[in-house]
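The data block below is structure.pdb; it holds PDB, C-alpha atoms.
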ATOM      1  CA  MET E   1      32.319  61.457   8.084
ATOM      2  CA  SER E   2      34.615  58.776   6.660
ATOM      3  CA  GLN E   3      33.610  55.129   6.644
ATOM      4  CA  THR E   4      35.265  52.557   8.814
ATOM      5  CA  GLU E   5      36.474  49.426   7.041
ATOM      6  CA  GLN E   6      33.808  47.519   8.900
ATOM      7  CA  GLN E   7      30.879  49.531   7.561
ATOM      8  CA  PHE E   8      32.128  49.595   4.002
ATOM      9  CA  ASP E   9      30.558  47.147   1.577
ATOM     10  CA  ILE E  10      31.670  47.935  -1.941
ATOM     11  CA  SER E  11      28.860  45.855  -3.438
ATOM     12  CA  GLU E  12      26.375  48.407  -2.136
ATOM     13  CA  HIS E  13      27.778  51.555  -3.636
ATOM     14  CA  PRO E  14      25.732  53.268  -6.376
ATOM     15  CA  SER E  15      25.869  51.046  -9.460
ATOM     16  CA  ARG E  16      25.266  53.514 -12.301
ATOM     17  CA  ILE E  17      24.093  56.963 -13.263
ATOM     18  CA  HIS E  18      20.422  56.273 -13.902
ATOM     19  CA  HIS E  19      19.776  59.642 -15.564
ATOM     20  CA  VAL E  20      20.787  63.274 -15.798
ATOM     21  CA  ALA E  21      17.743  65.574 -15.704
ATOM     22  CA  VAL E  22      17.522  68.823 -17.679
ATOM     23  CA  VAL E  23      14.723  71.348 -17.138
ATOM     24  CA  VAL E  24      13.479  72.778 -20.439
ATOM     25  CA  ARG E  25      10.846  75.319 -21.419
ATOM     26  CA  ASP E  26       9.474  73.276 -24.322
ATOM     27  CA  LEU E  27      10.092  69.528 -24.549
ATOM     28  CA  ASP E  28       9.548  69.411 -28.303
ATOM     29  CA  ALA E  29      12.040  72.213 -28.901
ATOM     30  CA  ALA E  30      14.586  70.446 -26.676
ATOM     31  CA  LEU E  31      14.092  67.206 -28.646
ATOM     32  CA  GLY E  32      15.207  69.223 -31.670
ATOM     33  CA  PHE E  33      18.657  69.230 -30.116
ATOM     34  CA  TYR E  34      18.900  66.103 -27.960
ATOM     35  CA  ARG E  35      17.117  63.718 -30.353
ATOM     36  CA  ASP E  36      17.361  65.225 -33.830
ATOM     37  CA  THR E  37      20.780  66.876 -33.666
ATOM     38  CA  LEU E  38      22.645  64.833 -31.049
ATOM     39  CA  ARG E  39      20.911  61.666 -32.322
ATOM     40  CA  LEU E  40      19.903  60.174 -29.004
ATOM     41  CA  GLU E  41      16.876  57.920 -29.261
ATOM     42  CA  LEU E  42      13.683  59.057 -27.560
ATOM     43  CA  ASP E  43      12.389  56.270 -25.354
ATOM     44  CA  GLU E  44       9.074  57.768 -24.318
ATOM     45  CA  VAL E  45       7.344  60.988 -23.306
ATOM     46  CA  MET E  46       5.245  60.779 -20.148
ATOM     47  CA  PRO E  47       2.959  63.377 -18.602
ATOM     48  CA  ILE E  48       3.321  63.214 -14.791
ATOM     49  CA  ASP E  49       0.204  65.161 -13.863
ATOM     50  CA  SER E  50       0.761  64.767 -10.125
ATOM     51  CA  ASP E  51       4.126  66.560 -10.431
ATOM     52  CA  GLY E  52       3.005  69.107 -13.032
ATOM     53  CA  VAL E  53       5.631  68.033 -15.562
ATOM     54  CA  LYS E  54       6.030  66.272 -18.867
ATOM     55  CA  ILE E  55       9.196  64.167 -19.142
ATOM     56  CA  GLY E  56      11.103  62.500 -21.955
ATOM     57  CA  PHE E  57      13.814  59.856 -21.485
ATOM     58  CA  LEU E  58      16.604  59.522 -24.047
ATOM     59  CA  PRO E  59      18.789  56.480 -23.288
ATOM     60  CA  VAL E  60      22.554  56.777 -23.718
ATOM     61  CA  GLY E  61      24.417  53.602 -22.747
ATOM     62  CA  GLU E  62      23.207  52.401 -19.343
ATOM     63  CA  SER E  63      21.981  55.935 -18.475
ATOM     64  CA  SER E  64      19.450  58.400 -19.869
ATOM     65  CA  ILE E  65      19.069  62.103 -20.403
ATOM     66  CA  GLU E  66      15.717  63.108 -18.872
ATOM     67  CA  LEU E  67      14.132  66.252 -20.289
ATOM     68  CA  VAL E  68      11.621  67.832 -17.883
ATOM     69  CA  GLN E  69       9.108  70.463 -18.974
ATOM     70  CA  PRO E  70       6.915  72.076 -16.285
ATOM     71  CA  THR E  71       3.240  72.049 -17.218
ATOM     72  CA  ARG E  72       2.005  74.127 -14.261
ATOM     73  CA  ASP E  73       3.377  77.289 -12.642
ATOM     74  CA  ASP E  74       3.052  76.195  -8.997
ATOM     75  CA  THR E  75       5.766  73.558  -8.832
ATOM     76  CA  GLY E  76       9.392  73.579  -7.740
ATOM     77  CA  VAL E  77      10.509  72.742 -11.264
ATOM     78  CA  ALA E  78       8.486  75.664 -12.696
ATOM     79  CA  ARG E  79      10.082  78.034 -10.179
ATOM     80  CA  PHE E  80      13.512  76.610 -11.001
ATOM     81  CA  LEU E  81      12.901  77.375 -14.683
ATOM     82  CA  ALA E  82      11.569  80.874 -13.932
ATOM     83  CA  ASN E  83      14.503  81.730 -11.658
ATOM     84  CA  ARG E  84      17.432  80.007 -13.319
ATOM     85  CA  GLY E  85      16.351  79.268 -16.868
ATOM     86  CA  GLU E  86      16.840  76.035 -18.735
ATOM     87  CA  GLY E  87      19.627  73.697 -17.680
ATOM     88  CA  PHE E  88      20.834  70.859 -15.475
ATOM     89  CA  HIS E  89      18.405  69.971 -12.686
ATOM     90  CA  HIS E  90      19.623  66.788 -10.973
ATOM     91  CA  VAL E  91      21.616  63.599 -11.360
ATOM     92  CA  CYS E  92      20.087  60.254 -10.346
ATOM     93  CA  LEU E  93      22.188  57.352  -9.052
ATOM     94  CA  GLU E  94      20.931  53.784  -8.750
ATOM     95  CA  VAL E  95      21.272  51.946  -5.431
ATOM     96  CA  ALA E  96      20.316  48.416  -4.394
ATOM     97  CA  ASP E  97      18.326  49.132  -1.211
ATOM     98  CA  LEU E  98      17.017  52.692  -1.064
ATOM     99  CA  ALA E  99      15.526  52.666   2.443
ATOM    100  CA  ALA E 100      18.744  51.247   3.910
ATOM    101  CA  GLU E 101      20.801  53.834   2.014
ATOM    102  CA  LEU E 102      18.596  56.696   3.261
ATOM    103  CA  ASN E 103      18.914  55.492   6.843
ATOM    104  CA  ARG E 104      22.677  55.282   6.483
ATOM    105  CA  LEU E 105      22.883  58.787   4.960
ATOM    106  CA  ALA E 106      20.637  60.270   7.666
ATOM    107  CA  GLU E 107      22.835  58.719  10.368
ATOM    108  CA  GLN E 108      25.805  60.480   8.793
ATOM    109  CA  GLY E 109      24.060  63.845   8.989
ATOM    110  CA  ILE E 110      23.153  64.110   5.293
ATOM    111  CA  GLU E 111      20.167  66.385   4.648
ATOM    112  CA  LEU E 112      17.479  64.326   2.921
ATOM    113  CA  ILE E 113      14.571  65.884   1.041
ATOM    114  CA  ASP E 114      12.805  62.519   1.196
ATOM    115  CA  ALA E 115      13.488  60.536   4.353
ATOM    116  CA  ALA E 116      11.883  57.412   2.876
ATOM    117  CA  PRO E 117      11.465  55.967  -0.629
ATOM    118  CA  ARG E 118       8.496  57.367  -2.574
ATOM    119  CA  ARG E 119       6.945  56.384  -5.894
ATOM    120  CA  GLY E 120       8.706  57.771  -8.960
ATOM    121  CA  ALA E 121       7.884  57.223 -12.617
ATOM    122  CA  GLU E 122      10.741  54.723 -12.982
ATOM    123  CA  GLY E 123      10.843  53.165  -9.509
ATOM    124  CA  PRO E 124      11.250  54.100  -5.824
ATOM    125  CA  VAL E 125      13.144  57.397  -5.484
ATOM    126  CA  ALA E 126      14.347  59.938  -2.923
ATOM    127  CA  PHE E 127      16.187  63.253  -3.229
ATOM    128  CA  ILE E 128      19.211  64.454  -1.233
ATOM    129  CA  HIS E 129      19.478  68.207  -0.597
ATOM    130  CA  PRO E 130      22.133  70.023  -2.697
ATOM    131  CA  ARG E 131      23.507  71.493   0.575
ATOM    132  CA  SER E 132      24.812  68.016   1.423
ATOM    133  CA  CYS E 133      26.110  67.296  -2.111
ATOM    134  CA  HIS E 134      28.284  70.347  -2.857
ATOM    135  CA  GLY E 135      25.594  72.157  -4.809
ATOM    136  CA  VAL E 136      24.225  69.219  -6.811
ATOM    137  CA  LEU E 137      20.663  67.970  -6.398
ATOM    138  CA  VAL E 138      21.129  64.180  -6.181
ATOM    139  CA  GLU E 139      18.288  61.715  -6.657
ATOM    140  CA  LEU E 140      18.608  58.067  -5.674
ATOM    141  CA  ILE E 141      16.532  55.368  -7.372
ATOM    142  CA  GLU E 142      16.251  51.752  -6.287
ATOM    143  CA  ALA E 143      17.361  49.114  -8.800
ATOM    144  CA  PRO E 144      14.502  46.958 -10.169
ATOM    145  CA  GLY E 145      13.538  44.149  -7.823
ATOM    146  CA  GLY E 146      14.754  45.924  -4.681
ATOM    147  CA  PRO E 147      12.746  45.833  -1.444
ATOM    148  CA  ALA E 148      11.012  49.216  -1.934
ATOM    149  CA  TRP E 149       9.492  48.072  -5.239
ATOM    150  CA  GLN E 150       7.348  45.654  -3.286
ATOM    151  CA  SER E 151       6.649  47.890  -0.302
ATOM    152  CA  LEU E 152       5.506  50.743  -2.592
ATOM    153  CA  GLY E 153       3.255  48.421  -4.585
ATOM    154  CA  TYR E 154       4.966  48.360  -7.965
ATOM    155  CA  ALA E 155       3.668  45.509 -10.111
TER     156      ALA E 155
ATOM    157  CA  MET N 156      17.064  70.948 -37.707
ATOM    158  CA  SER N 157      15.793  67.367 -37.897
ATOM    159  CA  GLN N 158      17.832  64.666 -39.594
ATOM    160  CA  THR N 159      16.880  63.136 -42.902
ATOM    161  CA  GLU N 160      16.708  59.334 -42.959
ATOM    162  CA  GLN N 161      19.733  59.340 -45.209
ATOM    163  CA  GLN N 162      22.038  61.153 -42.794
ATOM    164  CA  PHE N 163      20.951  59.177 -39.761
ATOM    165  CA  ASP N 164      23.252  56.396 -38.622
ATOM    166  CA  ILE N 165      22.188  55.091 -35.231
ATOM    167  CA  SER N 166      25.540  53.381 -34.680
ATOM    168  CA  GLU N 167      27.161  56.802 -34.420
ATOM    169  CA  HIS N 168      25.033  58.328 -31.692
ATOM    170  CA  PRO N 169      26.696  59.033 -28.332
ATOM    171  CA  SER N 170      27.412  55.681 -26.676
ATOM    172  CA  ARG N 171      27.498  56.580 -22.975
ATOM    173  CA  ILE N 172      27.692  59.340 -20.420
ATOM    174  CA  HIS N 173      31.457  59.525 -19.905
ATOM    175  CA  HIS N 174      31.212  61.741 -16.838
ATOM    176  CA  VAL N 175      29.220  64.384 -14.984
ATOM    177  CA  ALA N 176      31.455  67.214 -13.769
ATOM    178  CA  VAL N 177      30.889  69.066 -10.502
ATOM    179  CA  VAL N 178      32.789  72.234  -9.584
ATOM    180  CA  VAL N 179      33.818  72.250  -5.913
ATOM    181  CA  ARG N 180      35.694  74.653  -3.678
ATOM    182  CA  ASP N 181      37.802  71.986  -1.991
ATOM    183  CA  LEU N 182      38.302  68.563  -3.568
ATOM    184  CA  ASP N 183      39.150  66.858  -0.270
ATOM    185  CA  ALA N 184      35.998  68.213   1.376
ATOM    186  CA  ALA N 185      33.912  67.050  -1.594
ATOM    187  CA  LEU N 186      35.461  63.559  -1.342
ATOM    188  CA  GLY N 187      34.034  63.519   2.169
ATOM    189  CA  PHE N 188      30.614  63.242   0.552
ATOM    190  CA  TYR N 189      31.118  61.567  -2.824
ATOM    191  CA  ARG N 190      33.699  58.970  -1.703
ATOM    192  CA  ASP N 191      33.292  58.541   2.043
ATOM    193  CA  THR N 192      29.549  59.012   2.427
ATOM    194  CA  LEU N 193      28.142  58.014  -0.971
ATOM    195  CA  ARG N 194      30.794  55.258  -1.220
ATOM    196  CA  LEU N 195      31.939  55.858  -4.768
ATOM    197  CA  GLU N 196      35.515  54.730  -5.378
ATOM    198  CA  LEU N 197      38.097  57.392  -6.102
ATOM    199  CA  ASP N 198      39.962  56.467  -9.250
ATOM    200  CA  GLU N 199      42.625  59.144  -9.214
ATOM    201  CA  VAL N 200      43.276  62.802  -8.486
ATOM    202  CA  MET N 201      45.112  64.727 -11.198
ATOM    203  CA  PRO N 202      46.427  68.265 -11.168
ATOM    204  CA  ILE N 203      45.868  69.800 -14.613
ATOM    205  CA  ASP N 204      48.218  72.762 -14.300
ATOM    206  CA  SER N 205      47.521  74.023 -17.822
ATOM    207  CA  ASP N 206      43.823  74.417 -16.961
ATOM    208  CA  GLY N 207      44.351  75.644 -13.392
ATOM    209  CA  VAL N 208      42.330  72.812 -11.858
ATOM    210  CA  LYS N 209      42.703  69.678  -9.807
ATOM    211  CA  ILE N 210      40.293  66.880 -10.778
ATOM    212  CA  GLY N 211      39.158  63.629  -9.229
ATOM    213  CA  PHE N 212      37.281  60.863 -11.080
ATOM    214  CA  LEU N 213      34.899  58.583  -9.186
ATOM    215  CA  PRO N 214      33.641  55.768 -11.440
ATOM    216  CA  VAL N 215      29.987  54.747 -11.189
ATOM    217  CA  GLY N 216      29.047  52.003 -13.670
ATOM    218  CA  GLU N 217      30.308  52.944 -17.141
ATOM    219  CA  SER N 218      30.396  56.652 -16.156
ATOM    220  CA  SER N 219      32.189  58.781 -13.583
ATOM    221  CA  ILE N 220      31.538  61.739 -11.355
ATOM    222  CA  GLU N 221      34.339  64.255 -12.004
ATOM    223  CA  LEU N 222      35.069  66.672  -9.165
ATOM    224  CA  VAL N 223      36.823  69.840 -10.335
ATOM    225  CA  GLN N 224      38.561  72.250  -7.974
ATOM    226  CA  PRO N 225      39.999  75.480  -9.427
ATOM    227  CA  THR N 226      43.595  76.076  -8.328
ATOM    228  CA  ARG N 227      43.963  79.548  -9.870
ATOM    229  CA  ASP N 228      41.615  82.545  -9.935
ATOM    230  CA  ASP N 229      41.967  83.444 -13.626
ATOM    231  CA  THR N 230      40.122  80.519 -15.206
ATOM    232  CA  GLY N 231      36.581  80.022 -16.419
ATOM    233  CA  VAL N 232      36.004  77.350 -13.781
ATOM    234  CA  ALA N 233      37.210  79.712 -11.012
ATOM    235  CA  ARG N 234      34.822  82.417 -12.246
ATOM    236  CA  PHE N 235      32.011  79.843 -12.424
ATOM    237  CA  LEU N 236      32.651  78.940  -8.779
ATOM    238  CA  ALA N 237      32.869  82.593  -7.704
ATOM    239  CA  ASN N 238      29.643  83.536  -9.518
ATOM    240  CA  ARG N 239      27.453  80.471  -9.081
ATOM    241  CA  GLY N 240      28.972  78.519  -6.217
ATOM    242  CA  GLU N 241      29.558  74.798  -6.119
ATOM    243  CA  GLY N 242      27.483  72.555  -8.356
ATOM    244  CA  PHE N 243      26.978  70.859 -11.704
ATOM    245  CA  HIS N 244      29.355  72.121 -14.389
ATOM    246  CA  HIS N 245      28.988  69.906 -17.498
ATOM    247  CA  VAL N 246      28.015  66.495 -18.805
ATOM    248  CA  CYS N 247      30.370  64.624 -21.143
ATOM    249  CA  LEU N 248      29.097  62.208 -23.799
ATOM    250  CA  GLU N 249      31.300  59.719 -25.648
ATOM    251  CA  VAL N 250      31.252  59.649 -29.461
ATOM    252  CA  ALA N 251      33.113  57.456 -31.963
ATOM    253  CA  ASP N 252      34.579  60.125 -34.278
ATOM    254  CA  LEU N 253      34.799  63.538 -32.639
ATOM    255  CA  ALA N 254      35.983  65.592 -35.635
ATOM    256  CA  ALA N 255      33.207  64.185 -37.813
ATOM    257  CA  GLU N 256      30.655  64.859 -35.084
ATOM    258  CA  LEU N 257      31.828  68.465 -34.663
ATOM    259  CA  ASN N 258      31.624  69.057 -38.418
ATOM    260  CA  ARG N 259      28.111  67.638 -38.479
ATOM    261  CA  LEU N 260      27.026  69.776 -35.518
ATOM    262  CA  ALA N 261      28.550  72.942 -37.042
ATOM    263  CA  GLU N 262      26.705  72.282 -40.304
ATOM    264  CA  GLN N 263      23.476  72.156 -38.316
ATOM    265  CA  GLY N 264      24.152  75.566 -36.787
ATOM    266  CA  ILE N 265      25.196  74.311 -33.348
ATOM    267  CA  GLU N 266      27.440  76.771 -31.474
ATOM    268  CA  LEU N 267      30.722  75.002 -30.714
ATOM    269  CA  ILE N 268      33.197  76.251 -28.118
ATOM    270  CA  ASP N 269      35.832  74.007 -29.704
ATOM    271  CA  ALA N 270      35.523  73.641 -33.474
ATOM    272  CA  ALA N 271      38.050  70.790 -33.520
ATOM    273  CA  PRO N 272      39.127  68.056 -31.071
ATOM    274  CA  ARG N 273      41.703  69.161 -28.495
ATOM    275  CA  ARG N 274      43.717  67.238 -25.933
ATOM    276  CA  GLY N 275      41.866  66.453 -22.710
ATOM    277  CA  ALA N 276      43.055  64.502 -19.667
ATOM    278  CA  GLU N 277      41.058  61.438 -20.731
ATOM    279  CA  GLY N 278      41.179  61.738 -24.527
ATOM    280  CA  PRO N 279      40.247  64.135 -27.350
ATOM    281  CA  VAL N 280      37.468  66.500 -26.244
ATOM    282  CA  ALA N 281      35.389  69.473 -27.393
ATOM    283  CA  PHE N 282      32.697  71.572 -25.727
ATOM    284  CA  ILE N 283      29.332  72.661 -27.135
ATOM    285  CA  HIS N 284      27.952  75.999 -25.947
ATOM    286  CA  PRO N 285      25.043  75.782 -23.468
ATOM    287  CA  ARG N 286      23.067  78.149 -25.753
ATOM    288  CA  SER N 287      22.754  75.268 -28.221
ATOM    289  CA  CYS N 288      22.001  72.637 -25.532
ATOM    290  CA  HIS N 289      19.110  74.209 -23.612
ATOM    291  CA  GLY N 290      21.286  75.574 -20.845
ATOM    292  CA  VAL N 291      23.590  72.577 -20.358
ATOM    293  CA  LEU N 292      27.319  72.746 -21.057
ATOM    294  CA  VAL N 293      27.940  69.541 -23.043
ATOM    295  CA  GLU N 294      31.399  68.084 -23.580
ATOM    296  CA  LEU N 295      32.069  65.398 -26.176
ATOM    297  CA  ILE N 296      34.950  62.938 -25.804
ATOM    298  CA  GLU N 297      36.166  60.518 -28.431
ATOM    299  CA  ALA N 298      36.053  56.809 -27.545
ATOM    300  CA  PRO N 299      39.494  55.184 -27.144
ATOM    301  CA  GLY N 300      41.034  54.210 -30.463
ATOM    302  CA  GLY N 301      39.140  56.832 -32.483
ATOM    303  CA  PRO N 302      40.867  58.861 -35.215
ATOM    304  CA  ALA N 303      41.587  61.943 -33.064
ATOM    305  CA  TRP N 304      43.616  59.873 -30.589
ATOM    306  CA  GLN N 305      46.206  59.371 -33.295
ATOM    307  CA  SER N 306      46.030  62.861 -34.816
ATOM    308  CA  LEU N 307      46.462  64.492 -31.378
ATOM    309  CA  GLY N 308      49.427  62.265 -30.566
ATOM    310  CA  TYR N 309      48.056  60.127 -27.735
ATOM    311  CA  ALA N 310      50.289  57.123 -27.106
TER     312      ALA N 310
END
In structure tokens, how does this file's structure come out?
Amino acid sequence: MSQTEQQFDISEHPSRIHHVAVVVRDLDAALGFYRDTLRLELDEVMPIDSDGVKIGFLPVGESSIELVQPTRDDTGVARFLANRGEGFHHVCLEVADLAAELNRLAEQGIELIDAAPRRGAEGPVAFIHPRSCHGVLVELIEAPGGPAWQSLGYA
Amino acid sequence: MSQTEQQFDISEHPSRIHHVAVVVRDLDAALGFYRDTLRLELDEVMPIDSDGVKIGFLPVGESSIELVQPTRDDTGVARFLANRGEGFHHVCLEVADLAAELNRLAEQGIELIDAAPRRGAEGPVAFIHPRSCHGVLVELIEAPGGPAWQSLGYA
């Protein structure tokens, strides 16, 4: 599973934590802690009707805390909340070329939830299964201007 | 629970995600994914005998992924691993003045695990109980040069 010197290009490793996502029962109640008490700024609240969630991003340095409230009962996030309660959901790392990274991970036997980049609220994204990441659900997002932004039709 | 305008000083909000900590059964096995496959650099591996853990920091942008392997069975982290398996353990946010922040949080009714800064491997730290953070264990660390660095005797 280890890289050979030849394959390794340090410039292409993940460049930052894009966000840490927290599933909450009630976004407004959670803002009472993360915005009002902890004093993070709230960037915006977006309903993502296609995913059955409402999300709020609170920037902190080059990253954000993403609060995710399910708005329907028939989604994975709603089942996560019902089964495990509020808490950490996933961490998202930014990469330069998402399709290339997914191909590389698949070749190494990593279990991908999304084999190809798909449209996310903030850019092209894909999830890696927690079974391949020692229990952590890892999302990858492509940095602005990367090749998947064009292929997925972002403006 | 919301701040009055008077109390609010935006310059004192958390400045970055310092690290995201992941509890793993075997640090070397976990490096097989986080270092060798995901291509994060390994900064260093430190045994923290007083806490019964071995930790590895993998920088990503201004943050790190911290891998934590319990080395004894009688610690909270070992019980976490036994009960919940590998996965996300806590997120650590950097603040400018940790003692002042803890006092402010306590005044607002936030449940602190550590009421005062204590020595951590990377600087003065304190944990906030997940009950006050919508299910997430949140650690705070004081930025280098802050007042607790001196009071806790860091060089």
For E:Leu105: contacts at 12 Å, only C-alpha atoms, fewer than 2 positions along chain excluded, given as an MDAnalysis selection string: (chainID E and resid 1:3 98:103 107:116 126:129 132:133 140) or (chainID N and resid 188:189 191:194)
Shell around N:Glu241 at 8 Å using all atoms listed in the file, local window under 6 positions removed, as a PyMOL selection string: (chain E and resi 134-136) or (chain N and resi 177-180)
Ground truth for the PyMOL selection byres ((chain N and resi 195) around 7), written as a list in words: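 So the PyMOL selection byres ((chain N and resi 195) around 7) ends up selecting His13 and Pro14 of chain E; Tyr189, Arg190, Leu193, Arg194, Glu196, Leu197, Leu213, Pro214 and Val215 of chain N.
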Test item: the PyMOL selection byres ((chain E and resi 65) around 7) resolved as an MDAnalysis selection string: chainID E and resid 19:21 57:59 64 66:67
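Distances from E:Ala148, E:Ile55, E:Val125, E:Leu81 to chain N were compared using only C-alpha atoms, and the smallest one belongs to E:Leu81.
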Spatial neighbours of E:Pro144, max dist 12 Å, only C-alpha atoms, sep filter under 5 positions, as an NGL selection string: :E and (18 or 94-98 or 122-125 or 149-150 or 154-155)
Would you save the residues of that selection, restricted to C-alpha atoms, as a PDB file, in the frame of the given file?
ATOM      1  CA  HIS E  18      20.422  56.273 -13.902  1.00  0.00           C
ATOM      2  CA  GLU E  94      20.931  53.784  -8.750  1.00  0.00           C
ATOM      3  CA  VAL E  95      21.272  51.946  -5.431  1.00  0.00           C
ATOM      4  CA  ALA E  96      20.316  48.416  -4.394  1.00  0.00           C
ATOM      5  CA  ASP E  97      18.326  49.132  -1.211  1.00  0.00           C
ATOM      6  CA  LEU E  98      17.017  52.692  -1.064  1.00  0.00           C
ATOM      7  CA  GLU E 122      10.741  54.723 -12.982  1.00  0.00           C
ATOM      8  CA  GLY E 123      10.843  53.165  -9.509  1.00  0.00           C
ATOM      9  CA  PRO E 124      11.250  54.100  -5.824  1.00  0.00           C
ATOM     10  CA  VAL E 125      13.144  57.397  -5.484  1.00  0.00           C
ATOM     11  CA  TRP E 149       9.492  48.072  -5.239  1.00  0.00           C
ATOM     12  CA  GLN E 150       7.348  45.654  -3.286  1.00  0.00           C
ATOM     13  CA  TYR E 154       4.966  48.360  -7.965  1.00  0.00           C
ATOM     14  CA  ALA E 155       3.668  45.509 -10.111  1.00  0.00           C
TER      15      ALA E 155
END
Pairwise distance for atom CA of E:Val77 and atom CA of E:Asp26, rounded to one decimal in Å: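 Result for atom CA of E:Val77 versus atom CA of E:Asp26: 13.1 Å, one decimal.
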Picked residues, the PyMOL selection byres ((chain N and resi 199-207) around 9), as a PyMOL selection string: chain N and resi 197-198+208-213+224-230+232-233+276
Atomic distance atom CA of E:Glu12 - atom CA of E:Glu142, expressed in Å with one decimal: 11.4 Å
Among listed residues N:Gly216, N:Leu186, N:His245, N:Pro302, nearest chain E (using all atoms listed in the file):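 So, comparing all the options, the nearest one is N:Gly216.
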Among the residues E:Ala106, E:Cys92, E:Ala30, E:Ala82, the one that comes closest to chain N [using all atoms listed in the file]: E:Ala30
Closest of N:Glu294, N:Gly300, N:Gly242, N:Leu307 to N:Arg274 - atom-to-atom distances counting all atoms listed in the file: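 Using all atoms listed in the file, the shortest distance to N:Arg274 belongs to N:Leu307.
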Could you add whatever atoms are missing so that stretch 102-116 of chain E carries N, CA, C and O atoms, then write the result as an mmCIF file, in the coordinates of the input?
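After the write, out.cif holds the following:
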data_model
loop_
_atom_site.group_PDB
_atom_site.id
_atom_site.type_symbol
_atom_site.label_atom_id
_atom_site.label_comp_id
_atom_site.auth_asym_id
_atom_site.auth_seq_id
_atom_site.Cartn_x
_atom_site.Cartn_y
_atom_site.Cartn_z
ATOM 1 N N LEU E 102 19.079 55.446 2.662
ATOM 2 C CA LEU E 102 18.596 56.696 3.261
ATOM 3 C C LEU E 102 18.849 56.707 4.770
ATOM 4 O O LEU E 102 19.245 57.728 5.337
ATOM 5 N N ASN E 103 18.632 55.575 5.407
ATOM 6 C CA ASN E 103 18.914 55.492 6.843
ATOM 7 C C ASN E 103 20.387 55.731 7.124
ATOM 8 O O ASN E 103 20.745 56.453 8.059
ATOM 9 N N ARG E 104 21.238 55.123 6.322
ATOM 10 C CA ARG E 104 22.677 55.282 6.483
ATOM 11 C C ARG E 104 23.090 56.740 6.274
ATOM 12 O O ARG E 104 23.880 57.303 7.042
ATOM 13 N N LEU E 105 22.543 57.387 5.235
ATOM 14 C CA LEU E 105 22.883 58.787 4.960
ATOM 15 C C LEU E 105 22.400 59.691 6.092
ATOM 16 O O LEU E 105 23.119 60.593 6.529
ATOM 17 N N ALA E 106 21.182 59.447 6.589
ATOM 18 C CA ALA E 106 20.637 60.270 7.666
ATOM 19 C C ALA E 106 21.501 60.156 8.923
ATOM 20 O O ALA E 106 21.781 61.151 9.594
ATOM 21 N N GLU E 107 21.959 58.933 9.204
ATOM 22 C CA GLU E 107 22.835 58.719 10.368
ATOM 23 C C GLU E 107 24.144 59.492 10.247
ATOM 24 O O GLU E 107 24.771 59.840 11.242
ATOM 25 N N GLN E 108 24.558 59.744 9.017
ATOM 26 C CA GLN E 108 25.805 60.480 8.793
ATOM 27 C C GLN E 108 25.570 61.986 8.689
ATOM 28 O O GLN E 108 26.479 62.733 8.321
ATOM 29 N N GLY E 109 24.335 62.415 8.958
ATOM 30 C CA GLY E 109 24.060 63.845 8.989
ATOM 31 C C GLY E 109 23.747 64.458 7.638
ATOM 32 O O GLY E 109 23.723 65.687 7.487
ATOM 33 N N ILE E 110 23.491 63.609 6.639
ATOM 34 C CA ILE E 110 23.153 64.110 5.293
ATOM 35 C C ILE E 110 21.709 64.618 5.301
ATOM 36 O O ILE E 110 20.811 63.979 5.867
ATOM 37 N N GLU E 111 21.491 65.777 4.662
ATOM 38 C CA GLU E 111 20.167 66.385 4.648
ATOM 39 C C GLU E 111 19.317 65.779 3.525
ATOM 40 O O GLU E 111 19.568 66.014 2.347
ATOM 41 N N LEU E 112 18.332 65.003 3.905
ATOM 42 C CA LEU E 112 17.479 64.326 2.921
ATOM 43 C C LEU E 112 16.234 65.154 2.641
ATOM 44 O O LEU E 112 15.612 65.680 3.573
ATOM 45 N N ILE E 113 15.855 65.268 1.388
ATOM 46 C CA ILE E 113 14.571 65.884 1.041
ATOM 47 C C ILE E 113 13.466 64.861 1.265
ATOM 48 O O ILE E 113 12.391 65.191 1.754
ATOM 49 N N ASP E 114 13.740 63.618 0.936
ATOM 50 C CA ASP E 114 12.805 62.519 1.196
ATOM 51 C C ASP E 114 13.458 61.542 2.163
ATOM 52 O O ASP E 114 14.458 60.909 1.823
ATOM 53 N N ALA E 115 12.890 61.406 3.337
ATOM 54 C CA ALA E 115 13.488 60.536 4.353
ATOM 55 C C ALA E 115 13.231 59.066 4.063
ATOM 56 O O ALA E 115 13.915 58.186 4.586
ATOM 57 N N ALA E 116 12.242 58.795 3.209
ATOM 58 C CA ALA E 116 11.883 57.412 2.876
ATOM 59 C C ALA E 116 11.616 57.326 1.377
ATOM 60 O O ALA E 116 11.292 58.331 0.740
#
